[in-house]
$ cat model-v9.txt   # compact mmCIF, C-alpha atoms
# COMPACT_ATOMS: atom_id res chain seq x y z
CA MET V 1 131.61 87.83 107.27
CA GLU V 2 131.02 88.46 103.56
CA SER V 3 129.87 91.90 102.54
CA ILE V 4 126.33 92.51 101.34
CA PRO V 5 125.99 93.71 97.71
CA ARG V 6 124.64 97.18 97.03
CA ILE V 7 123.18 97.19 93.55
CA GLY V 8 120.02 99.29 93.27
CA LYS V 9 118.30 99.30 89.90
CA ARG V 10 120.10 96.62 87.88
CA LEU V 11 121.84 93.37 88.74
CA ASP V 12 124.44 91.20 87.05
CA PRO V 13 123.56 87.54 87.66
CA LEU V 14 127.02 86.31 86.67
CA LYS V 15 128.60 88.62 89.23
CA LEU V 16 126.11 87.58 91.90
CA ARG V 17 126.83 83.89 91.25
CA GLU V 18 130.28 84.49 92.72
CA ASP V 19 128.54 84.92 96.09
CA PHE V 20 127.07 81.39 95.95
CA PRO V 21 129.51 78.54 96.64
CA ILE V 22 127.22 75.89 95.15
CA PHE V 23 127.78 77.27 91.67
CA GLU V 24 131.37 76.10 91.89
CA ARG V 25 129.97 72.58 91.46
CA LYS V 26 129.52 70.75 88.22
CA ILE V 27 126.66 68.31 87.71
CA ASN V 28 127.49 65.41 85.40
CA GLY V 29 130.51 67.40 84.31
CA LYS V 30 128.40 70.41 83.31
CA PRO V 31 128.04 73.84 84.96
CA LEU V 32 125.05 73.91 87.30
CA ALA V 33 122.01 75.76 85.96
CA TYR V 34 119.69 75.82 88.95
CA LEU V 35 116.13 76.48 87.74
CA ASP V 36 114.22 75.06 90.71
CA ASN V 37 113.95 78.19 92.82
CA ALA V 38 110.22 77.90 93.50
CA ALA V 39 111.11 74.80 95.54
CA THR V 40 114.06 76.33 97.38
CA THR V 41 116.82 78.82 96.65
CA GLN V 42 120.57 78.60 96.98
CA LYS V 43 122.39 80.40 99.81
CA PRO V 44 124.99 83.16 99.45
CA ARG V 45 128.20 83.16 101.46
CA ALA V 46 126.88 86.02 103.58
CA VAL V 47 124.07 83.77 104.86
CA LEU V 48 126.35 80.78 105.33
CA ASP V 49 128.91 82.92 107.14
CA SER V 50 126.25 84.31 109.47
CA LEU V 51 125.35 80.76 110.53
CA VAL V 52 129.00 79.90 111.17
CA ASP V 53 129.57 83.19 113.00
CA TYR V 54 126.57 82.64 115.25
CA TYR V 55 127.54 79.12 116.26
CA SER V 56 131.25 79.92 116.45
CA ALA V 57 131.11 83.14 118.44
CA HIS V 58 127.65 83.75 119.96
CA ASN V 59 125.92 80.40 120.51
CA SER V 60 123.64 80.56 123.51
CA ASN V 61 119.97 80.39 124.38
CA ILE V 62 118.01 83.62 124.16
CA HIS V 63 115.97 85.45 126.83
CA ARG V 64 117.23 83.16 129.58
CA GLY V 65 120.57 84.42 130.75
CA VAL V 66 122.37 87.54 131.83
CA HIS V 67 125.76 86.35 130.60
CA THR V 68 127.39 87.88 127.52
CA LEU V 69 126.64 85.12 125.02
CA SER V 70 122.94 84.99 125.88
CA TYR V 71 122.73 88.78 125.68
CA GLU V 72 124.43 88.82 122.26
CA ALA V 73 122.27 85.98 120.91
CA THR V 74 119.11 87.75 122.09
CA LEU V 75 120.09 91.00 120.42
CA MET V 76 120.94 89.22 117.13
CA TYR V 77 117.71 87.25 117.11
CA GLU V 78 115.55 90.28 117.86
CA ALA V 79 117.45 92.31 115.25
CA ALA V 80 116.49 89.68 112.67
CA HIS V 81 112.81 90.22 113.53
CA ARG V 82 113.29 93.95 112.97
CA LYS V 83 114.92 93.35 109.58
CA VAL V 84 112.07 91.10 108.46
CA ALA V 85 109.50 93.64 109.62
CA GLY V 86 111.13 96.32 107.50
CA PHE V 87 111.36 93.95 104.55
CA VAL V 88 107.57 93.50 104.40
CA GLY V 89 106.60 96.99 105.54
CA ALA V 90 105.41 96.09 109.04
CA THR V 91 105.55 99.09 111.36
CA ASP V 92 106.01 97.02 114.54
CA TRP V 93 108.65 94.28 114.64
CA ARG V 94 106.71 92.50 117.37
CA THR V 95 104.09 91.55 114.76
CA ILE V 96 106.67 89.23 113.14
CA VAL V 97 106.56 85.65 114.45
CA PHE V 98 109.40 83.37 113.36
CA THR V 99 108.24 79.94 112.21
CA ARG V 100 109.75 77.04 110.30
CA ASN V 101 108.12 78.01 107.00
CA ALA V 102 104.93 79.35 105.41
CA THR V 103 103.23 76.03 106.13
CA GLU V 104 103.69 76.45 109.86
CA SER V 105 102.65 80.10 109.60
CA ILE V 106 99.34 79.15 108.00
CA ASN V 107 98.78 76.40 110.55
CA LEU V 108 99.46 78.92 113.31
CA VAL V 109 96.54 80.99 112.04
CA ALA V 110 94.32 77.95 111.60
CA TYR V 111 94.93 76.68 115.13
CA GLY V 112 95.52 79.95 116.95
CA TRP V 113 92.71 81.95 115.34
CA GLY V 114 90.48 79.54 113.43
CA LEU V 115 89.74 77.03 116.20
CA ARG V 116 88.64 79.80 118.54
CA ASN V 117 86.83 82.14 116.15
CA LEU V 118 85.10 79.95 113.55
CA ALA V 119 81.80 78.14 114.07
CA PRO V 120 79.28 76.13 112.02
CA GLY V 121 77.86 78.34 109.28
CA ASP V 122 81.05 80.40 108.96
CA GLU V 123 83.00 80.16 105.72
CA VAL V 124 86.63 80.31 104.62
CA LEU V 125 87.34 81.38 101.04
CA ILE V 126 90.43 80.10 99.21
CA THR V 127 91.41 79.59 95.55
CA ILE V 128 91.98 76.53 93.40
CA MET V 129 95.61 77.58 92.86
CA GLU V 130 96.58 77.18 96.52
CA HIS V 131 99.54 75.13 97.65
CA HIS V 132 98.40 72.16 99.74
CA SER V 133 99.58 74.12 102.79
CA ASN V 134 96.70 76.53 102.24
CA PHE V 135 94.15 73.79 101.51
CA VAL V 136 94.64 71.13 104.15
CA PRO V 137 94.43 73.29 107.34
CA TRP V 138 91.06 74.66 106.29
CA GLN V 139 89.81 71.20 105.35
CA MET V 140 90.83 70.16 108.87
CA LEU V 141 88.74 72.98 110.34
CA ARG V 142 85.83 72.08 108.09
CA GLU V 143 85.87 68.54 109.46
CA ARG V 144 86.38 69.65 113.05
CA LEU V 145 84.10 72.69 113.22
CA GLY V 146 81.58 72.20 110.43
CA ILE V 147 82.53 75.41 108.62
CA GLY V 148 82.11 75.97 104.89
CA LEU V 149 85.10 76.00 102.55
CA ASN V 150 84.62 77.77 99.22
CA VAL V 151 87.11 77.57 96.37
CA VAL V 152 87.50 80.23 93.65
CA GLY V 153 88.48 78.89 90.25
CA VAL V 154 90.67 80.16 87.43
CA ASP V 155 89.83 80.97 83.85
CA ALA V 156 91.33 79.38 80.74
CA ARG V 157 94.36 81.68 80.97
CA GLY V 158 95.17 80.62 84.51
CA VAL V 159 93.95 83.90 85.98
CA LEU V 160 91.80 83.98 89.11
CA ASP V 161 88.08 84.20 88.33
CA LEU V 162 87.32 87.54 89.95
CA GLY V 163 83.62 87.24 89.18
CA GLU V 164 83.44 83.97 91.09
CA PHE V 165 85.41 85.54 93.93
CA ASP V 166 82.76 88.26 94.20
CA ARG V 167 79.92 85.71 94.09
CA LEU V 168 81.41 83.51 96.82
CA LEU V 169 82.27 86.38 99.14
CA SER V 170 79.48 87.05 101.65
CA GLU V 171 78.66 87.99 105.23
CA ARG V 172 79.36 84.35 106.14
CA THR V 173 82.97 84.68 104.96
CA LYS V 174 85.15 85.07 108.04
CA LEU V 175 88.54 84.49 106.41
CA VAL V 176 89.92 84.86 102.89
CA SER V 177 93.16 82.89 102.61
CA LEU V 178 94.80 83.10 99.23
CA VAL V 179 98.11 82.75 97.47
CA HIS V 180 99.80 85.90 96.21
CA ALA V 181 101.71 84.16 93.41
CA SER V 182 100.97 80.66 92.12
CA ASN V 183 103.85 78.19 92.30
CA VAL V 184 102.47 76.45 89.17
CA LEU V 185 100.99 79.16 86.97
CA GLY V 186 103.16 82.07 88.07
CA THR V 187 99.97 84.14 88.26
CA VAL V 188 100.15 87.12 90.62
CA ASN V 189 96.80 87.73 92.26
CA PRO V 190 95.61 91.30 92.94
CA VAL V 191 95.79 90.85 96.70
CA LYS V 192 95.31 94.51 97.58
CA GLU V 193 92.04 94.67 95.64
CA LEU V 194 90.86 91.32 96.99
CA THR V 195 91.73 92.35 100.55
CA ARG V 196 89.68 95.52 100.14
CA LYS V 197 86.68 93.49 98.95
CA ALA V 198 87.02 91.03 101.83
CA LYS V 199 87.14 93.87 104.35
CA GLU V 200 83.82 95.18 103.04
CA PHE V 201 82.28 91.97 104.43
CA GLY V 202 84.29 92.07 107.66
CA ALA V 203 86.50 89.10 106.75
CA LEU V 204 90.11 88.70 107.79
CA VAL V 205 92.70 88.12 105.06
CA LEU V 206 95.69 85.77 105.07
CA ILE V 207 98.18 86.04 102.20
CA ASP V 208 100.44 83.11 101.32
CA ALA V 209 103.48 85.07 100.12
CA ALA V 210 105.90 82.16 99.84
CA GLN V 211 106.26 82.73 96.08
CA SER V 212 106.03 86.53 96.11
CA ALA V 213 108.12 87.80 99.03
CA PRO V 214 111.40 86.52 97.48
CA HIS V 215 110.67 88.17 94.13
CA MET V 216 108.98 91.54 94.60
CA ARG V 217 108.59 94.42 97.01
CA LEU V 218 105.85 93.84 99.60
CA ASP V 219 104.13 96.21 101.99
CA VAL V 220 101.64 94.65 104.38
CA GLU V 221 100.29 98.05 105.39
CA ASP V 222 99.58 98.94 101.76
CA ILE V 223 97.99 95.55 101.04
CA GLY V 224 95.90 95.82 104.19
CA CYS V 225 96.06 92.10 105.00
CA ASP V 226 95.77 90.71 108.52
CA PHE V 227 98.31 87.90 108.08
CA LEU V 228 101.18 87.20 105.67
CA ALA V 229 103.02 83.86 105.56
CA VAL V 230 106.56 83.47 104.13
CA SER V 231 109.16 80.70 103.86
CA GLY V 232 112.75 81.79 104.44
CA HIS V 233 114.34 79.04 102.38
CA LYS V 234 112.71 80.41 99.22
CA MET V 235 114.45 83.77 99.77
CA LEU V 236 118.10 82.73 100.32
CA ALA V 237 117.73 81.81 104.02
CA PRO V 238 118.28 78.34 105.53
CA THR V 239 115.60 75.68 105.40
CA GLY V 240 113.47 75.54 108.52
CA THR V 241 113.09 79.31 108.66
CA GLY V 242 110.08 81.48 107.90
CA PHE V 243 107.74 83.97 109.47
CA LEU V 244 104.18 85.09 109.96
CA TYR V 245 103.22 88.74 109.96
CA GLY V 246 100.03 89.35 111.91
CA ARG V 247 98.14 92.49 112.80
CA GLY V 248 99.05 93.24 116.40
CA GLU V 249 95.57 93.49 117.87
CA ILE V 250 94.60 90.16 116.30
CA LEU V 251 97.76 88.39 117.50
CA GLU V 252 97.08 89.70 121.00
CA ARG V 253 93.64 88.05 121.02
CA MET V 254 94.80 84.76 119.51
CA ASP V 255 95.63 81.61 121.39
CA PRO V 256 99.19 80.29 121.22
CA PHE V 257 99.86 77.58 118.66
CA LEU V 258 102.46 75.73 120.77
CA TYR V 259 102.82 75.66 124.55
CA GLY V 260 105.90 75.37 126.73
CA GLY V 261 109.04 77.32 127.49
CA ASP V 262 109.55 81.02 126.76
CA MET V 263 106.01 81.61 125.51
CA ILE V 264 104.79 82.09 129.06
CA GLU V 265 104.66 85.06 131.38
CA ARG V 266 103.95 83.06 134.53
CA VAL V 267 103.11 79.45 135.32
CA THR V 268 101.41 78.24 138.52
CA PRO V 269 99.88 74.84 139.27
CA GLU V 270 96.48 76.38 138.56
CA ARG V 271 97.01 78.39 135.37
CA SER V 272 99.47 80.06 133.01
CA THR V 273 99.63 83.44 131.34
CA TRP V 274 101.31 84.23 128.08
CA ASN V 275 104.39 86.19 127.11
CA GLU V 276 104.28 89.39 125.06
CA LEU V 277 104.44 89.39 121.26
CA PRO V 278 106.03 87.78 119.35
CA TRP V 279 107.39 85.33 121.94
CA LYS V 280 103.86 84.22 122.81
CA PHE V 281 103.97 82.21 119.55
CA GLU V 282 107.61 81.09 119.65
CA ALA V 283 107.55 78.27 122.19
CA GLY V 284 110.74 76.53 123.23
CA THR V 285 114.24 77.14 121.95
CA PRO V 286 113.90 78.41 118.38
CA ASP V 287 116.29 78.01 115.47
CA ILE V 288 118.28 81.02 116.65
CA GLY V 289 121.08 80.66 114.12
CA GLY V 290 118.58 80.16 111.32
CA GLY V 291 116.65 83.25 112.40
CA VAL V 292 119.83 85.32 112.42
CA ALA V 293 120.68 83.99 108.96
CA LEU V 294 117.16 84.89 107.78
CA GLY V 295 117.95 88.44 108.80
CA THR V 296 121.17 88.26 106.78
CA ALA V 297 119.22 87.02 103.75
CA VAL V 298 116.94 90.04 104.11
CA ASP V 299 120.04 92.27 104.22
CA TYR V 300 121.34 90.64 101.05
CA LEU V 301 118.09 91.08 99.13
CA SER V 302 117.64 94.63 100.41
CA GLY V 303 121.14 95.48 99.26
CA ILE V 304 120.29 94.31 95.74
CA GLY V 305 116.87 95.93 95.78
CA MET V 306 113.63 94.04 95.25
CA ASP V 307 112.72 96.17 92.24
CA ALA V 308 115.97 95.06 90.59
CA VAL V 309 115.20 91.43 91.45
CA ALA V 310 111.70 91.71 89.97
CA ALA V 311 112.93 93.41 86.78
CA HIS V 312 115.62 90.78 86.24
CA GLU V 313 113.22 87.89 86.74
CA ASP V 314 110.69 89.46 84.39
CA LYS V 315 113.37 89.53 81.68
CA LEU V 316 114.11 85.84 82.31
CA LEU V 317 110.41 85.00 82.24
CA ARG V 318 109.90 86.72 78.88
CA ARG V 319 112.90 84.89 77.43
CA ALA V 320 111.59 81.53 78.63
CA LEU V 321 108.06 82.13 77.33
CA GLU V 322 109.41 83.31 73.98
CA ARG V 323 111.64 80.26 73.52
CA LEU V 324 109.11 77.70 74.76
CA SER V 325 106.08 79.10 72.91
CA ALA V 326 107.96 78.77 69.62
CA HIS V 327 107.44 74.98 69.79
CA ASP V 328 104.02 73.45 69.18
CA TRP V 329 105.09 70.34 71.08
CA VAL V 330 105.38 72.35 74.31
CA GLU V 331 102.20 72.86 76.31
CA LEU V 332 102.48 75.95 78.51
CA TYR V 333 100.38 76.78 81.56
CA GLY V 334 99.60 80.17 83.01
CA PRO V 335 98.81 83.58 81.55
CA SER V 336 100.76 84.74 78.50
CA GLU V 337 100.57 88.35 79.66
CA GLY V 338 99.89 90.33 82.81
CA ASP V 339 101.49 89.99 86.22
CA ARG V 340 103.58 86.84 86.66
CA VAL V 341 106.53 85.75 88.72
CA GLY V 342 109.40 83.79 87.21
CA VAL V 343 107.68 80.40 87.19
CA VAL V 344 106.99 78.48 83.98
CA SER V 345 105.17 75.14 84.09
CA PHE V 346 104.97 73.10 80.91
CA ASN V 347 104.77 69.65 79.40
CA VAL V 348 106.58 68.25 76.39
CA LYS V 349 103.87 66.40 74.47
CA GLY V 350 104.46 62.68 74.48
CA VAL V 351 107.19 62.81 77.16
CA HIS V 352 106.65 62.30 80.88
CA PRO V 353 107.86 65.32 82.89
CA HIS V 354 110.07 63.10 85.05
CA ASP V 355 111.88 62.00 81.88
CA VAL V 356 112.20 65.63 80.87
CA ALA V 357 113.68 66.57 84.24
CA GLY V 358 116.01 63.56 84.19
CA MET V 359 117.46 64.42 80.80
CA LEU V 360 117.91 68.05 81.77
CA ASP V 361 119.76 66.89 84.88
CA GLU V 362 122.18 64.99 82.67
CA GLU V 363 123.12 68.39 81.23
CA GLY V 364 123.53 69.96 84.66
CA ILE V 365 120.15 71.71 84.58
CA ALA V 366 117.93 71.42 87.66
CA ILE V 367 114.16 71.78 87.20
CA ARG V 368 111.14 70.39 89.04
CA SER V 369 108.65 67.78 87.88
CA GLY V 370 105.52 66.47 89.57
CA HIS V 371 102.30 67.94 90.95
CA HIS V 372 104.09 70.75 92.83
CA CYS V 373 101.91 70.34 95.96
CA ALA V 374 98.98 71.74 93.98
CA GLN V 375 96.88 68.72 93.06
CA PRO V 376 93.51 70.53 93.06
CA LEU V 377 94.86 72.97 90.48
CA MET V 378 96.45 70.20 88.43
CA ASP V 379 93.14 68.34 88.42
CA ARG V 380 91.35 71.51 87.30
CA LEU V 381 93.90 71.89 84.47
CA GLY V 382 93.33 68.26 83.43
CA MET V 383 96.77 66.85 84.17
CA GLU V 384 98.63 64.90 86.81
CA HIS V 385 102.14 66.27 86.44
CA ALA V 386 104.12 69.06 84.83
CA ALA V 387 107.70 70.17 84.45
CA ARG V 388 108.57 73.53 85.97
CA MET V 389 111.38 76.03 85.54
CA SER V 390 111.61 78.80 88.13
CA PHE V 391 114.10 81.64 88.19
CA TYR V 392 115.96 83.81 90.65
CA LEU V 393 118.48 86.60 90.81
CA TYR V 394 121.50 84.41 89.94
CA ASN V 395 119.96 82.93 86.77
CA SER V 396 120.82 84.12 83.26
CA GLU V 397 119.21 84.08 79.84
CA ASP V 398 121.98 81.73 78.71
CA GLU V 399 120.79 79.15 81.24
CA ILE V 400 117.26 79.36 79.84
CA ASP V 401 118.65 78.86 76.34
CA ARG V 402 120.59 75.82 77.57
CA ALA V 403 117.40 74.38 79.04
CA VAL V 404 115.29 74.93 75.92
CA ASP V 405 118.04 73.63 73.64
CA THR V 406 118.11 70.48 75.75
CA LEU V 407 114.32 70.19 75.50
CA GLU V 408 114.67 70.24 71.73
CA ASN V 409 117.08 67.31 72.03
CA VAL V 410 114.62 65.54 74.34
CA LYS V 411 111.86 65.90 71.78
CA ARG V 412 114.08 64.60 69.00
CA LEU V 413 115.07 61.59 71.09
CA PHE V 414 111.47 60.72 72.03
CA GLY V 415 110.12 61.56 68.60

$ encode --input "model-v9.txt" --output "structure tokens"
Amino acid sequence: MESIPRIGKRLDPLKLREDFPIFERKINGKPLAYLDNAATTQKPRAVLDSLVDYYSAHNSNIHRGVHTLSYEATLMYEAAHRKVAGFVGATDWRTIVFTRNATESINLVAYGWGLRNLAPGDEVLITIMEHHSNFVPWQMLRERLGIGLNVVGVDARGVLDLGEFDRLLSERTKLVSLVHASNVLGTVNPVKELTRKAKEFGALVLIDAAQSAPHMRLDVEDIGCDFLAVSGHKMLAPTGTGFLYGRGEILERMDPFLYGGDMIERVTPERSTWNELPWKFEAGTPDIGGGVALGTAVDYLSGIGMDAVAAHEDKLLRRALERLSAHDWVELYGPSEGDRVGVVSFNVKGVHPHDVAGMLDEEGIAIRSGHHCAQPLMDRLGMEHAARMSFYLYNSEDEIDRAVDTLENVKRLFG
């Protein structure tokens, strides 16, 4: 298997690109500049090799056999849970439940905790900048249980309205479920402060960390949250991988989300009892190879150092904002200063974002266009669509310059 880089404080994106086979491709005859990392990230050889190694040398079902392959697969899969726990600062690896993505993690909380613990008159508090995955489950519970659903807005800068958060928070609030970093605005919410405020009213806190865990150091104990949802594919791991961190005593009291094999302790014709954590929430045969590869992705990021990743992306973000803000025909969204991740949403005045993305693709530059699964926020901002560049550890300032230079050509072409 490929070695894991050990970098520390500073990274070289051009050197790291050598670890990613996809960058050997050319798109329309041009070198690939992949600036769509908020949607999904590319995979290093170490992650790809771990998948091949698992299926080539260890493939077996876990927890169900005493033979060598099953024993090895079980150890590898449980080791991946331990790696993830360390990555987010969880003190007990059994509080890490592997899921398909952050969407499933949030639904696990909605079904496993919300259906049993919420009642008419209770309220869930979210923000307008949530991904649909953190809107729709709570709307479902509102329709099913008659709970209240309150939504905190943003100010003109794209920063969460903390005054409105304080006004909407009350003794009726049973859960605060909010995004750590917006996939449209790039805004990083002060989740530690907001968690502290929620706890003063006895509310539980769920953090959607899909856009923060890949880009910065996280510590669930320091934040104080009760749940944290993450998608593996946004942090170098395969698609269909992710995890939920949950406080142990809460997970113990929750109902399972899915029922069937391996999540049981004992089954009789009359009743069933549940397995210990985390297997209580991992029904059936999981994506074992994907889980192992998620652990390898954590190893890769840990070897680089999340502080180095964050510092590099901040440099890319500043370069992008500097280049784009120099043009009055570019409309930028999100705060111009303060905490942000490497996400820049924008529109070229007079040009549809799909046309913008299409012309960039002709130059080998991949960006996103559309509503970014955040239609309530887009409506609040007064638009239907936007183009979006999002950065990661293998991107360079030269790629941002290529993208902005191409935007200048787009504007000239469309007048």

$ atom_distance --input "model-v9.txt" --atom1 "CA of Ile365 in chain V" --atom2 "CA of Glu408 in chain V"
14.0 Å

$ closest_residue --input "model-v9.txt" --among "V:Ala366, V:Leu108, V:Leu168, V:Ala229" --to "Asn395 in chain V" --atoms "only C-alpha atoms"
V:Ala366

$ residues_around --input "model-v9.txt" --residues "range 314-329 of chain V" --least-positions-apart "2" --cutoff "10 Å" --atoms "all atoms listed in the file" --output "VMD selection string"
chain V and resid 186 215 308 to 312 331 to 332 336 to 337 339 to 344 346 to 351 389 to 393 395 to 401 403 to 405 407 to 408 411

$ closest_residue --input "model-v9.txt" --among "V:Thr268, V:His180, V:Val292, V:His131" --to "Ala39 in chain V" --atoms "all atoms listed in the file"
V:His131

$ atom_distance --input "model-v9.txt" --atom1 "CA of Met378 in chain V" --atom2 "CA of Glu130 in chain V"
10.7 Å

$ closest_residue --input "model-v9.txt" --among "V:Gly153, V:Glu24, V:Tyr34, V:Gly163" --to "Ala357 in chain V" --atoms "all atoms listed in the file"
V:Tyr34

$ residues_around --input "model-v9.txt" --residues "Arg196 in chain V" --least-positions-apart "6" --cutoff "10 Å" --atoms "only C-alpha atoms" --output "MDAnalysis selection string"
chainID V and resid 202:203 205 223:225

$ residues_around --input "model-v9.txt" --residues "Ile22 in chain V" --least-positions-apart "5" --cutoff "9 Å" --atoms "all atoms listed in the file" --output "VMD selection string"
chain V and resid 17 32 42 to 44

$ axis_aligned_box --input "model-v9.txt" --around "range 363-377 of chain V" --padding-each-side "6 Å" --output "lines of an AutoDock Vina configuration file"
center_x = 108.5
center_y = 69.7
center_z = 88.6
size_x = 42.0
size_y = 18.5
size_z = 26.7

$ residues_around --input "model-v9.txt" --residues "Gly334 in chain V" --least-positions-apart "4" --cutoff "7 Å" --atoms "all atoms listed in the file" --output "ChimeraX atom specification"
/V:157-158,185-187

$ closest_residue --input "model-v9.txt" --among "V:Phe135, V:Tyr300, V:Tyr77, V:Tyr55" --to "Gln375 in chain V" --atoms "only C-alpha atoms"
V:Phe135

$ residues_around --input "model-v9.txt" --residues "Leu51 in chain V" --least-positions-apart "5" --cutoff "8 Å" --atoms "only C-alpha atoms" --output "PyMOL selection string"
chain V and resi 289-290+292-293

$ closest_residue --input "model-v9.txt" --among "V:Asp122, V:Asp287, V:Glu221, V:Asp226" --to "Ile207 in chain V" --atoms "only C-alpha atoms"
V:Asp226

$ atom_distance --input "model-v9.txt" --atom1 "CA of Tyr111 in chain V" --atom2 "CA of Val154 in chain V"
28.2 Å

$ closest_residue --input "model-v9.txt" --among "V:Leu149, V:Met129, V:Leu413, V:Val176" --to "His371 in chain V" --atoms "all atoms listed in the file"
V:Met129

$ build_atoms --input "model-v9.txt" --residues "range 357-375 of chain V" --atoms "N, CA and C atoms" --output "short mmCIF file (atom, residue, chain, number, x, y, z; two decimals), in the coordinates of the input"
data_model
loop_
_atom_site.label_atom_id
_atom_site.label_comp_id
_atom_site.auth_asym_id
_atom_site.auth_seq_id
_atom_site.Cartn_x
_atom_site.Cartn_y
_atom_site.Cartn_z
N ALA V 357 112.81 66.08 83.18
CA ALA V 357 113.68 66.57 84.24
C ALA V 357 114.96 65.74 84.33
N GLY V 358 114.84 64.43 84.12
CA GLY V 358 116.01 63.56 84.19
C GLY V 358 117.02 63.87 83.10
N MET V 359 116.54 64.13 81.89
CA MET V 359 117.46 64.42 80.80
C MET V 359 118.08 65.81 80.95
N LEU V 360 117.32 66.75 81.49
CA LEU V 360 117.91 68.05 81.77
C LEU V 360 119.00 67.93 82.84
N ASP V 361 118.77 67.08 83.83
CA ASP V 361 119.76 66.89 84.88
C ASP V 361 121.07 66.35 84.30
N GLU V 362 120.97 65.51 83.30
CA GLU V 362 122.18 64.99 82.67
C GLU V 362 123.04 66.12 82.09
N GLU V 363 122.41 67.23 81.77
CA GLU V 363 123.12 68.39 81.23
C GLU V 363 123.43 69.43 82.31
N GLY V 364 123.22 69.05 83.57
CA GLY V 364 123.53 69.96 84.66
C GLY V 364 122.46 70.99 84.94
N ILE V 365 121.24 70.75 84.45
CA ILE V 365 120.15 71.71 84.58
C ILE V 365 119.11 71.15 85.54
N ALA V 366 118.85 71.87 86.62
CA ALA V 366 117.93 71.42 87.66
C ALA V 366 116.58 72.09 87.47
N ILE V 367 115.53 71.28 87.22
CA ILE V 367 114.16 71.78 87.20
C ILE V 367 113.32 70.86 88.07
N ARG V 368 112.06 71.19 88.24
CA ARG V 368 111.14 70.39 89.04
C ARG V 368 110.18 69.65 88.13
N SER V 369 109.73 68.50 88.58
CA SER V 369 108.65 67.78 87.88
C SER V 369 107.76 67.14 88.93
N GLY V 370 106.46 67.06 88.63
CA GLY V 370 105.52 66.47 89.57
C GLY V 370 104.25 67.28 89.65
N HIS V 371 103.55 67.19 90.80
CA HIS V 371 102.30 67.94 90.95
C HIS V 371 102.49 69.23 91.74
N HIS V 372 103.71 69.48 92.23
CA HIS V 372 104.09 70.75 92.83
C HIS V 372 103.22 71.11 94.04
N CYS V 373 102.75 70.11 94.77
CA CYS V 373 101.91 70.34 95.96
C CYS V 373 100.71 71.21 95.61
N ALA V 374 100.15 70.97 94.42
CA ALA V 374 98.98 71.74 93.98
C ALA V 374 98.04 70.83 93.19
N GLN V 375 97.70 69.69 93.78
CA GLN V 375 96.88 68.72 93.06
C GLN V 375 95.50 69.23 92.68
#
